[in-house]
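What follows is the content of model_27.txt, which has compact mmCIF, C-alpha atoms and all ligand atoms:
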```txt
# COMPACT_ATOMS: atom_id res chain seq x y z
CA MET A 1 166.32 109.79 13.34
CA LYS A 2 163.08 108.08 14.39
CA VAL A 3 161.86 109.36 17.74
CA LEU A 4 159.14 108.15 20.09
CA LEU A 5 157.93 110.81 22.54
CA ILE A 6 156.07 109.40 25.54
CA GLY A 7 153.36 111.48 27.20
CA GLY A 8 150.38 113.58 26.21
CA GLY A 9 150.34 116.85 28.12
CA GLY A 10 151.40 120.43 27.47
CA ARG A 11 154.99 119.58 28.30
CA GLU A 12 155.05 116.88 25.63
CA HIS A 13 153.31 119.10 23.07
CA ALA A 14 156.11 121.66 23.59
CA LEU A 15 158.83 118.98 23.36
CA GLY A 16 157.26 117.56 20.21
CA TRP A 17 156.88 121.04 18.69
CA LYS A 18 160.59 121.63 19.26
CA ILE A 19 161.78 118.16 18.18
CA ALA A 20 159.71 118.45 14.98
CA GLN A 21 161.79 121.47 13.95
CA SER A 22 164.97 119.36 13.88
CA PRO A 23 166.56 118.61 10.49
CA GLN A 24 167.74 115.35 12.07
CA LEU A 25 164.20 114.06 12.58
CA SER A 26 162.93 111.56 10.03
CA LYS A 27 159.79 110.42 11.88
CA LEU A 28 158.15 111.38 15.15
CA TYR A 29 155.81 109.02 16.98
CA VAL A 30 153.87 110.19 20.01
CA GLY A 31 152.29 107.97 22.60
CA PRO A 32 149.60 108.52 23.69
CA GLY A 33 149.85 112.10 22.33
CA ASN A 34 147.05 114.69 22.27
CA PRO A 35 145.27 116.62 19.50
CA GLY A 36 148.09 119.16 19.28
CA LEU A 37 150.84 116.55 19.24
CA ASN A 38 148.97 114.37 16.79
CA HIS A 39 149.37 117.10 14.15
CA ILE A 40 153.14 116.89 14.61
CA GLY A 41 153.72 113.18 15.11
CA ALA A 42 152.05 109.85 14.44
CA PRO A 43 150.06 108.75 17.50
CA LEU A 44 150.63 105.27 18.92
CA ALA A 45 148.52 103.48 21.51
CA ILE A 46 150.92 102.84 24.35
CA ALA A 47 150.95 101.34 27.83
CA GLU A 48 153.38 104.03 28.89
CA SER A 49 154.28 102.60 32.28
CA ASP A 50 154.74 99.01 31.07
CA PRO A 51 158.51 98.77 30.42
CA ALA A 52 158.37 95.57 28.33
CA ALA A 53 155.51 96.91 26.21
CA VAL A 54 157.27 100.22 25.57
CA ALA A 55 160.50 98.43 24.59
CA ALA A 56 158.56 96.13 22.21
CA LEU A 57 156.75 99.09 20.64
CA ALA A 58 160.03 100.95 20.14
CA ARG A 59 161.62 97.87 18.58
CA ASP A 60 158.63 97.32 16.26
CA HIS A 61 158.88 100.87 14.95
CA ALA A 62 162.70 100.85 14.68
CA ILE A 63 162.91 103.81 17.07
CA ASP A 64 166.35 105.41 17.47
CA LEU A 65 165.50 107.52 20.51
CA VAL A 66 162.74 107.42 23.10
CA VAL A 67 162.09 110.69 24.93
CA VAL A 68 160.12 110.18 28.14
CA GLY A 69 158.05 113.19 29.24
CA PRO A 70 156.45 112.22 32.59
CA GLU A 71 158.01 110.58 35.64
CA ALA A 72 155.70 107.57 35.98
CA PRO A 73 157.20 105.55 33.10
CA LEU A 74 160.71 106.24 34.44
CA ALA A 75 159.70 105.21 37.95
CA ALA A 76 158.30 102.00 36.45
CA GLY A 77 161.59 101.15 34.71
CA VAL A 78 160.96 102.16 31.09
CA GLY A 79 164.51 103.57 30.85
CA ASP A 80 166.00 100.28 32.08
CA ALA A 81 163.97 98.18 29.64
CA LEU A 82 164.83 100.35 26.65
CA ARG A 83 168.55 100.39 27.39
CA ALA A 84 168.50 96.63 27.98
CA ALA A 85 166.97 96.31 24.49
CA GLY A 86 169.70 98.50 23.02
CA ILE A 87 167.40 101.49 22.39
CA ALA A 88 168.56 104.97 23.39
CA CYS A 89 166.35 106.58 26.03
CA PHE A 90 166.32 110.16 27.25
CA GLY A 91 165.36 109.61 30.87
CA PRO A 92 166.99 107.82 33.79
CA ASP A 93 166.84 104.22 34.97
CA LYS A 94 164.47 103.40 37.80
CA THR A 95 167.26 103.51 40.39
CA ALA A 96 168.40 106.98 39.31
CA ALA A 97 164.76 108.13 39.11
CA ARG A 98 164.70 107.73 42.89
CA LEU A 99 166.03 111.29 43.01
CA GLU A 100 162.37 112.17 42.45
CA THR A 101 160.53 109.08 43.63
CA SER A 102 162.10 109.00 47.10
CA LYS A 103 162.53 112.20 49.11
CA SER A 104 164.83 110.41 51.57
CA PHE A 105 167.01 109.08 48.73
CA MET A 106 167.31 112.63 47.40
CA LYS A 107 168.35 113.78 50.88
CA GLU A 108 170.89 110.97 51.21
CA ILE A 109 172.47 111.86 47.86
CA CYS A 110 172.58 115.57 48.77
CA ALA A 111 174.33 114.70 52.05
CA ALA A 112 176.89 112.53 50.25
CA ALA A 113 177.42 115.20 47.58
CA GLY A 114 177.48 118.12 50.02
CA ALA A 115 174.59 119.79 48.18
CA PRO A 116 172.73 122.42 50.27
CA THR A 117 169.17 121.46 51.19
CA ALA A 118 166.90 121.65 54.25
CA ALA A 119 167.97 119.68 57.33
CA TYR A 120 165.67 116.68 57.83
CA GLY A 121 164.75 113.50 59.64
CA LYS A 122 163.26 110.32 58.14
CA PHE A 123 160.61 108.31 60.01
CA SER A 124 158.41 105.28 59.62
CA GLU A 125 156.88 105.44 63.12
CA ALA A 126 154.70 108.23 64.51
CA ALA A 127 156.23 108.49 68.01
CA PRO A 128 159.81 109.38 66.99
CA ALA A 129 158.45 111.65 64.24
CA LYS A 130 156.40 113.61 66.79
CA ALA A 131 159.35 113.76 69.18
CA PHE A 132 161.48 115.19 66.33
CA LEU A 133 158.78 117.81 65.55
CA ARG A 134 159.09 119.10 69.12
CA GLY A 135 162.71 120.04 68.42
CA GLN A 136 161.69 122.04 65.30
CA THR A 137 160.24 125.51 64.92
CA PRO A 138 157.07 126.25 62.89
CA PRO A 139 156.08 126.10 60.12
CA TYR A 140 156.64 122.35 59.98
CA VAL A 141 157.31 120.66 56.62
CA ILE A 142 156.11 117.05 56.42
CA LYS A 143 156.52 115.00 53.24
CA ALA A 144 155.52 111.53 52.13
CA ASP A 145 158.74 109.81 51.05
CA GLY A 146 157.31 108.43 47.79
CA LEU A 147 155.48 109.81 44.75
CA ALA A 148 152.13 111.27 45.80
CA ALA A 149 151.07 113.11 42.63
CA GLY A 150 152.40 116.39 43.97
CA LYS A 151 150.12 116.23 47.02
CA GLY A 152 152.52 114.63 49.48
CA VAL A 153 153.82 117.84 51.09
CA ILE A 154 152.11 119.43 54.07
CA ILE A 155 153.27 122.72 55.55
CA ALA A 156 151.75 122.90 59.04
CA GLU A 157 151.58 126.10 61.07
CA SER A 158 150.95 124.41 64.43
CA LEU A 159 152.26 121.34 66.22
CA ASN A 160 148.72 119.94 66.27
CA GLN A 161 148.43 120.17 62.49
CA ALA A 162 151.91 118.69 62.13
CA ASP A 163 151.03 115.76 64.38
CA ASP A 164 147.85 115.19 62.34
CA ALA A 165 149.87 115.20 59.12
CA VAL A 166 152.28 112.63 60.55
CA GLU A 167 149.37 110.41 61.62
CA ALA A 168 147.58 110.76 58.28
CA MET A 169 150.64 110.02 56.15
CA LEU A 170 151.95 107.11 58.20
CA GLY A 171 148.33 105.95 58.52
CA GLY A 172 148.11 105.38 54.79
CA GLN A 173 146.65 108.62 53.34
CA PHE A 174 149.06 108.33 50.41
CA GLY A 175 149.32 104.55 50.42
CA GLU A 176 152.83 103.13 49.98
CA ALA A 177 154.21 106.61 49.23
CA GLY A 178 153.64 107.49 52.89
CA ALA A 179 155.10 104.35 54.44
CA ALA A 180 158.00 106.60 55.35
CA ILE A 181 157.98 110.36 55.84
CA VAL A 182 160.53 113.14 55.86
CA ILE A 183 160.29 116.11 58.22
CA GLU A 184 162.25 119.13 57.04
CA GLU A 185 163.44 122.51 58.13
CA PHE A 186 161.27 125.24 56.54
CA MET A 187 163.31 127.28 54.07
CA THR A 188 162.50 130.90 53.24
CA GLY A 189 163.27 132.65 49.97
CA GLU A 190 161.98 132.70 46.41
CA GLU A 191 161.58 129.53 44.35
CA ALA A 192 162.85 128.91 40.82
CA SER A 193 163.18 125.83 38.66
CA PHE A 194 166.55 125.15 37.00
CA PHE A 195 167.17 122.47 34.39
CA ALA A 196 170.26 120.66 33.09
CA ILE A 197 170.57 117.64 30.84
CA THR A 198 173.29 115.05 31.35
CA ASP A 199 174.59 111.77 29.97
CA GLY A 200 175.91 110.87 33.42
CA LYS A 201 179.29 112.55 32.87
CA THR A 202 178.89 115.74 30.86
CA ILE A 203 176.33 118.29 32.03
CA LEU A 204 174.65 120.72 29.66
CA PRO A 205 173.00 123.47 31.69
CA MET A 206 169.73 124.91 30.45
CA ILE A 207 168.03 127.97 31.92
CA ALA A 208 165.70 128.72 34.78
CA ALA A 209 161.98 129.41 34.90
CA GLN A 210 159.43 130.19 37.60
CA ASP A 211 155.95 128.85 37.90
CA HIS A 212 152.86 129.77 39.91
CA LYS A 213 151.64 126.83 41.97
CA ARG A 214 148.51 128.35 43.53
CA ALA A 215 145.21 128.28 41.66
CA TYR A 216 144.12 131.92 42.04
CA ASP A 217 145.45 135.46 41.60
CA GLY A 218 147.75 136.77 44.29
CA ASP A 219 149.12 133.24 44.83
CA GLN A 220 145.95 132.34 46.75
CA GLY A 221 143.96 129.14 46.79
CA PRO A 222 144.93 125.50 46.57
CA ASN A 223 148.19 124.17 45.15
CA THR A 224 148.09 122.98 41.55
CA GLY A 225 150.53 121.47 39.09
CA GLY A 226 151.29 125.05 37.99
CA MET A 227 149.01 127.81 36.62
CA GLY A 228 151.62 129.68 34.62
CA ALA A 229 155.33 130.11 34.04
CA TYR A 230 157.89 132.50 32.69
CA SER A 231 161.56 132.65 31.84
CA PRO A 232 164.02 134.18 32.49
CA ALA A 233 163.60 134.14 36.27
CA PRO A 234 165.05 137.42 37.59
CA VAL A 235 165.89 135.77 40.96
CA PHE A 236 168.15 133.32 39.12
CA THR A 237 171.17 135.61 38.73
CA ASN A 238 174.55 134.59 37.31
CA ALA A 239 175.80 134.11 40.87
CA VAL A 240 172.88 131.79 41.68
CA TYR A 241 173.49 129.88 38.45
CA ALA A 242 177.17 129.37 39.30
CA ARG A 243 176.34 128.09 42.78
CA ALA A 244 173.49 125.87 41.57
CA MET A 245 175.86 124.21 39.10
CA SER A 246 178.92 123.84 41.33
CA GLU A 247 177.16 123.09 44.63
CA ILE A 248 174.13 121.04 43.52
CA ILE A 249 173.99 119.77 39.92
CA GLU A 250 177.66 118.83 39.38
CA PRO A 251 178.28 117.04 42.73
CA VAL A 252 174.95 115.19 42.53
CA VAL A 253 175.57 113.95 38.97
CA ALA A 254 179.08 112.87 40.04
CA GLU A 255 177.69 111.11 43.12
CA MET A 256 175.15 109.18 41.03
CA SER A 257 177.89 108.01 38.65
CA ALA A 258 180.22 107.10 41.51
CA ARG A 259 177.45 104.83 42.85
CA GLY A 260 177.25 103.02 39.53
CA THR A 261 173.80 104.46 38.82
CA PRO A 262 174.58 107.27 36.37
CA TYR A 263 171.84 109.82 35.83
CA ILE A 264 170.75 110.17 32.19
CA GLY A 265 168.17 112.73 31.16
CA VAL A 266 167.04 116.09 32.45
CA LEU A 267 167.61 116.97 36.07
CA TYR A 268 165.09 119.50 37.34
CA ALA A 269 166.23 121.26 40.48
CA GLY A 270 163.49 123.05 42.43
CA LEU A 271 165.49 125.71 44.26
CA MET A 272 164.79 128.02 47.19
CA ILE A 273 166.88 131.15 46.71
CA GLU A 274 167.70 133.60 49.45
CA ASN A 275 170.43 136.26 49.26
CA GLU A 276 171.64 134.64 46.03
CA ARG A 277 172.11 131.34 47.83
CA PRO A 278 170.27 128.41 46.23
CA ARG A 279 169.17 125.42 48.29
CA LEU A 280 167.49 122.34 46.90
CA VAL A 281 163.78 121.86 47.62
CA GLU A 282 163.32 118.88 45.33
CA PHE A 283 164.63 117.07 42.30
CA ASN A 284 162.44 115.91 39.44
CA VAL A 285 163.68 113.49 36.81
CA ARG A 286 161.69 115.10 33.99
CA PHE A 287 161.01 118.56 32.65
CA GLY A 288 158.68 120.76 34.68
CA ASP A 289 155.20 121.26 33.38
CA PRO A 290 154.56 124.16 32.55
CA GLU A 291 158.21 125.31 32.84
CA CYS A 292 159.30 123.13 29.90
CA GLN A 293 156.98 124.99 27.56
CA VAL A 294 158.64 128.38 28.20
CA LEU A 295 162.09 126.78 27.89
CA MET A 296 161.18 125.37 24.49
CA ARG A 297 159.92 128.79 23.35
CA ARG A 298 163.30 130.31 24.29
CA MET A 299 165.62 127.61 22.92
CA ARG A 300 167.33 128.60 19.70
CA SER A 301 169.42 125.44 19.23
CA ASP A 302 168.26 122.15 17.86
CA LEU A 303 167.03 120.12 20.84
CA LEU A 304 167.05 116.67 19.25
CA PRO A 305 170.83 116.12 18.83
CA ALA A 306 171.36 117.10 22.47
CA LEU A 307 168.69 114.66 23.70
CA TYR A 308 170.22 111.89 21.60
CA ALA A 309 173.72 112.73 22.83
CA ALA A 310 172.56 112.67 26.46
CA ALA A 311 170.93 109.27 25.87
CA THR A 312 174.07 107.83 24.23
CA GLY A 313 176.88 109.19 26.42
CA THR A 314 178.13 111.67 23.83
CA LEU A 315 177.06 115.02 25.25
CA ASN A 316 180.61 116.37 25.43
CA GLY A 317 180.98 119.26 22.96
CA HIS A 318 177.27 120.09 22.77
CA ARG A 319 175.85 123.43 23.86
CA PHE A 320 172.51 125.19 23.94
CA ASP A 321 171.80 128.66 22.56
CA TRP A 322 168.88 130.66 23.89
CA ARG A 323 166.92 133.57 22.52
CA ASP A 324 167.22 136.87 24.36
CA ASP A 325 163.42 137.03 24.23
CA ALA A 326 161.46 136.28 27.37
CA ALA A 327 158.65 133.73 27.35
CA ALA A 328 155.47 133.55 29.40
CA LEU A 329 152.73 130.96 29.71
CA VAL A 330 149.17 131.15 31.02
CA VAL A 331 147.41 127.91 31.89
CA MET A 332 143.69 127.76 31.06
CA ALA A 333 142.19 125.25 33.48
CA ALA A 334 138.75 123.68 33.82
CA ASN A 335 136.40 125.37 36.31
CA GLY A 336 136.84 123.54 39.63
CA TYR A 337 140.46 122.48 39.08
CA PRO A 338 142.42 121.35 41.12
CA GLY A 339 139.27 119.88 42.69
CA ALA A 340 136.52 118.12 40.76
CA TYR A 341 135.91 119.50 37.27
CA GLU A 342 133.83 118.63 34.24
CA LYS A 343 135.15 117.36 30.94
CA GLY A 344 133.75 117.92 27.48
CA SER A 345 133.09 121.68 27.31
CA PRO A 346 133.83 123.18 23.87
CA ILE A 347 136.77 125.51 23.24
CA GLU A 348 136.93 128.00 20.38
CA GLY A 349 139.48 130.47 19.11
CA VAL A 350 142.72 128.51 19.48
CA ASP A 351 143.59 129.10 15.80
CA LYS A 352 142.91 132.80 16.24
CA ALA A 353 145.23 132.90 19.28
CA ASN A 354 147.93 130.98 17.41
CA ALA A 355 147.89 133.63 14.66
CA MET A 356 148.70 136.45 17.10
CA PRO A 357 152.24 137.86 17.41
CA GLY A 358 154.54 135.62 19.44
CA VAL A 359 151.75 133.27 20.52
CA VAL A 360 151.87 129.46 20.45
CA VAL A 361 149.12 127.47 22.18
CA PHE A 362 150.08 124.06 23.50
CA HIS A 363 147.43 121.44 24.18
CA ALA A 364 147.42 119.88 27.65
CA GLY A 365 144.07 118.26 28.58
CA VAL A 366 142.04 118.42 25.37
CA LYS A 367 140.48 116.04 22.90
CA GLN A 368 139.21 116.45 19.36
CA GLN A 369 135.72 115.24 18.54
CA ASN A 370 133.92 115.75 15.21
CA GLY A 371 136.26 118.62 14.43
CA ALA A 372 135.58 120.38 17.76
CA LEU A 373 138.15 120.89 20.49
CA LEU A 374 136.83 119.78 23.89
CA ALA A 375 138.24 120.12 27.41
CA ASN A 376 139.46 116.76 28.64
CA GLY A 377 141.48 117.43 31.79
CA GLY A 378 142.23 119.85 34.63
CA ARG A 379 144.92 121.92 33.00
CA VAL A 380 143.56 122.23 29.48
CA LEU A 381 145.50 124.76 27.38
CA ASN A 382 148.89 126.45 27.71
CA VAL A 383 148.93 129.82 25.99
CA THR A 384 152.59 130.80 25.51
CA ALA A 385 154.12 133.94 24.06
CA THR A 386 157.55 135.39 23.58
CA GLY A 387 158.43 139.08 23.73
CA ALA A 388 161.35 141.44 24.16
CA ALA A 389 160.79 141.46 27.95
CA ILE A 390 158.63 139.54 30.42
CA SER A 391 156.09 142.37 30.29
CA GLU A 392 155.64 142.01 26.52
CA ALA A 393 155.60 138.20 26.69
CA VAL A 394 152.92 138.33 29.40
CA ALA A 395 150.81 140.90 27.53
CA ARG A 396 150.95 138.83 24.34
CA ALA A 397 150.06 135.62 26.20
CA TYR A 398 146.98 137.34 27.67
CA ALA A 399 146.01 138.66 24.24
CA GLY A 400 146.07 135.01 23.14
CA VAL A 401 144.02 133.94 26.15
CA ASP A 402 141.45 136.65 25.43
CA ALA A 403 141.04 135.36 21.88
CA ILE A 404 140.01 131.95 23.21
CA LYS A 405 136.34 131.42 23.99
CA TRP A 406 135.91 128.80 26.66
CA PRO A 407 133.23 129.43 29.31
CA GLY A 408 134.15 126.12 31.01
CA GLY A 409 137.55 127.39 32.07
CA PHE A 410 139.44 129.91 34.20
CA PHE A 411 142.96 131.29 34.38
CA ARG A 412 145.09 133.61 36.49
CA ARG A 413 145.42 137.26 35.44
CA ASP A 414 148.71 137.90 37.28
CA ILE A 415 151.21 135.46 35.79
CA GLY A 416 154.73 136.86 36.13
CA TRP A 417 153.92 139.38 38.88
CA ARG A 418 157.13 138.70 40.79
CA ALA A 419 159.29 139.21 37.72
CA LEU A 420 157.29 142.30 36.68
CA GLU A 421 157.87 143.85 40.12
CA ARG A 422 161.61 143.35 39.78
CA THR A 423 161.97 144.29 36.12
CA PRO A 424 159.07 146.57 35.20
P1 LIG B 501 157.99 119.53 46.84
O1 LIG B 501 156.92 118.61 46.31
O2 LIG B 501 159.02 118.87 47.68
O3 LIG B 501 158.55 120.42 45.78
O4 LIG B 501 157.21 120.59 47.74
C1 LIG B 501 156.12 121.34 47.22
C2 LIG B 501 156.26 122.78 47.62
O5 LIG B 501 156.28 122.90 49.05
C3 LIG B 501 157.56 123.44 47.17
O6 LIG B 501 157.48 123.91 45.86
C4 LIG B 501 157.71 124.54 48.19
O7 LIG B 501 156.90 125.63 47.84
C5 LIG B 501 157.17 123.92 49.45
N1 LIG B 501 158.26 123.33 50.23
C6 LIG B 501 158.68 122.05 50.19
N2 LIG B 501 159.71 121.84 51.04
C7 LIG B 501 159.93 123.03 51.66
C8 LIG B 501 160.86 123.47 52.66
N3 LIG B 501 161.73 122.62 53.23
N4 LIG B 501 160.80 124.76 53.03
C9 LIG B 501 159.90 125.61 52.50
N5 LIG B 501 159.01 125.25 51.56
C10 LIG B 501 159.01 123.98 51.14
N1 LIG B 502 155.65 122.73 37.61
C1 LIG B 502 156.05 121.85 38.62
C2 LIG B 502 156.32 120.47 38.20
O1 LIG B 502 156.37 120.13 37.02
O2 LIG B 502 156.52 119.63 39.07
```
Would you mind giving the structure from this file in structure tokens?
Ligand code: AMP
Ligand code: GLY
Amino acid sequence: MKVLLIGGGGREHALGWKIAQSPQLSKLYVGPGNPGLNHIGAPLAIAESDPAAVAALARDHAIDLVVVGPEAPLAAGVGDALRAAGIACFGPDKTAARLETSKSFMKEICAAAGAPTAAYGKFSEAAPAKAFLRGQTPPYVIKADGLAAGKGVIIAESLNQADDAVEAMLGGQFGEAGAAIVIEEFMTGEEASFFAITDGKTILPMIAAQDHKRAYDGDQGPNTGGMGAYSPAPVFTNAVYARAMSEIIEPVVAEMSARGTPYIGVLYAGLMIENERPRLVEFNVRFGDPECQVLMRRMRSDLLPALYAAATGTLNGHRFDWRDDAAALVVMAANGYPGAYEKGSPIEGVDKANAMPGVVVFHAGVKQQNGALLANGGRVLNVTATGAAISEAVARAYAGVDAIKWPGGFFRRDIGWRALERTP
């Protein structure tokens, strides 16, 4: 099978690493790729969010399956264009991608499917939004309806802050994404990310992971795309799994099909779990980054046939096997991230880290220049490790981190603390 993998971050390096192990793979192309991925697959220059260009590229290279890593190409309609051209695509059509690209669409589908999520109101004018806020209790959760690069959620402690958030969002702070806003009930509990792949009918559950969104130790500092991850997630018990499947994933997939917009790809449910009761915080139409990387480290089965089956409506009869080992991941980020940071600082020791027990380093924001590895993004390296328990996986990941010499970067020292408190 010839596969084109779209994307170039740590998530895609992990997907490519896993796909490359498949006996069914004849050729892997990556676009745009990164130095790590480019060792595994053949890099292609790609306009990844131009549906016609992606379809033409896939046709020119006789691609059997396109696997889309990030959400932007899906939101732009890459899935639609590929399917229209008769090319299998792992990733939903634009309409189904609205589960991620429109918070209010997600809410509407949850209501129709009876899936538990925070109560909410949708607004495009400030006055009714502020009136609604006065019927809520703090903290107030205000979200831009559209995609805002993970920055469109404000949790306000006071009514004043909440009013300001409403004004800023409807006033254009996030452009079109904030033309409408959603105001939600604040949910308490512990968050976990759960993943399932589907062809629109059959659902193949994966496993759960947890990430650390804040930049600094102790879950302090600004929100980021994720500074680390681990799996399994102790909060995601068998009872939570059963409820997440029967109350959220299954009815939502059925609702999407019933509307004539079947969901094809991976459905990422961001869950808030309290007393073993999961409620949906958000859907994403792609794998989580960095959660995907720990999932790939734990997957025993061949990923590629399942992705192809999901893309071609033949998932029935497939299953995933997982290693009993735990996996942990530490993100090494550029000094300053998630604010302004510099690019181009040299990184050494990645090969040394990769040679350590259980360690695999995935490339996220790096580039190769004259044989040297240079930082080229905010989140730069993902040091992953497996181990018999979370504690061993975490210790091995940090041994890998400590083997890497990169003065231009920082990382958190406490990845997995919640899990380690529960399962020492
Ligand atoms: P989202 O982009 O919708 O996932 O929101 C980003 C983060 O904000 C989530 O991961 C939660 O930590 C928090 N959050 C979002 N919505 C809520 C809510 N209704 N209640 C509590 N926390 C929330
Ligand atoms: N790690 C969170 C995300 O991928 O959205």
*Nearest residue to ligand LIG 501 (chain B) from the set A:Gly150, A:Pro23, A:Pro357, A:Gly378 (distances using all atoms listed in the file)*: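 Going through A:Gly150, A:Pro23, A:Pro357, A:Gly378 one by one, the smallest distance to ligand LIG 501 (chain B) is for A:Gly150.
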Output the neighbourhood of ligand LIG 502 (chain B) as a CSV table (one decimal) with C-alpha atoms, in the coordinates of the input, that is, all protein and nucleic acid residues with some atom at most 8 Å from the ligand, counting all atoms listed in the file.
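Just written: pocket.csv:
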```
chain,number,residue,atom,x,y,z
A,150,GLY,CA,152.4,116.4,44.0
A,211,ASP,CA,156.0,128.8,37.9
A,212,HIS,CA,152.9,129.8,39.9
A,213,LYS,CA,151.6,126.8,42.0
A,225,GLY,CA,150.5,121.5,39.1
A,226,GLY,CA,151.3,125.0,38.0
A,284,ASN,CA,162.4,115.9,39.4
A,286,ARG,CA,161.7,115.1,34.0
A,287,PHE,CA,161.0,118.6,32.6
A,288,GLY,CA,158.7,120.8,34.7
A,289,ASP,CA,155.2,121.3,33.4
A,290,PRO,CA,154.6,124.2,32.6
A,291,GLU,CA,158.2,125.3,32.8
```
*Nearest to Ala47 (chain A) by atom-to-atom distance, counting all atoms listed in the file, from A:Val78, A:Leu374, A:Ala233, A:Val166*: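 With all atoms listed in the file as the atom set, the closest residue is A:Val78.
When CA of Ala112 (chain A) is paired with CA of Leu99 (chain A), their separation reads 13.1 Å.
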*If you measure from CA of Ala84 (chain A) to CA of Ala97 (chain A), what distance in Å do you get, rounded to one decimal?*
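Here the two named atoms are 16.4 Å from each other.
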*Give the residue list for ligand LIG 501 (chain B) at 9 Å, counting all atoms listed in the file, as an NGL selection string, sorted by chain and then by residue number.*
:A and (103 or 117-120 or 139-143 or 148-155 or 183-192 or 213 or 223 or 270-272 or 280-284)
*With all atoms listed in the file as the basis for distance, which of A:Ala215, A:Ile6, A:Ala180, A:Ile207 is at the shortest distance from Pro70 (chain A)?*
A:Ile6
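Checking A:Tyr230, A:Trp417, A:Phe194, A:Phe105 one by one against Thr384 (chain A), counting all atoms listed in the file, you find the shortest gap at A:Tyr230.
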_Restricting the calculation to only C-alpha atoms: of A:Gly8, A:Pro338, A:Gly409, A:Pro251, which residue gets closest to Lys201 (chain A)?_
A:Pro251
*Surrounding residues of Pro92 (chain A) excluding itself and chain neighbours under 6 positions, 7 Å, all atoms listed in the file, as a ChimeraX atom specification*: /A:74,79,263-265
*Identify, on the basis of all atoms listed in the file, every residue whose closest approach to Gly371 (chain A) does not exceed 12 Å; exclude the query and any residue fewer than 2 positions from it along the same chain; express the result as an MDAnalysis selection string.*
chainID A and resid 35 346:348 367:369 373:374
*Could you check how far CA of Pro32 (chain A) sits from CA of Trp17 (chain A), in Å to one decimal?*
15.3 Å
*Pick the closest to Asp64 (chain A) from A:Gly175, A:Gly86, A:Pro234, A:Pro43: which is it, counting only C-alpha atoms?*
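Ranked by minimum distance to Asp64 (chain A), first place goes to A:Gly86.
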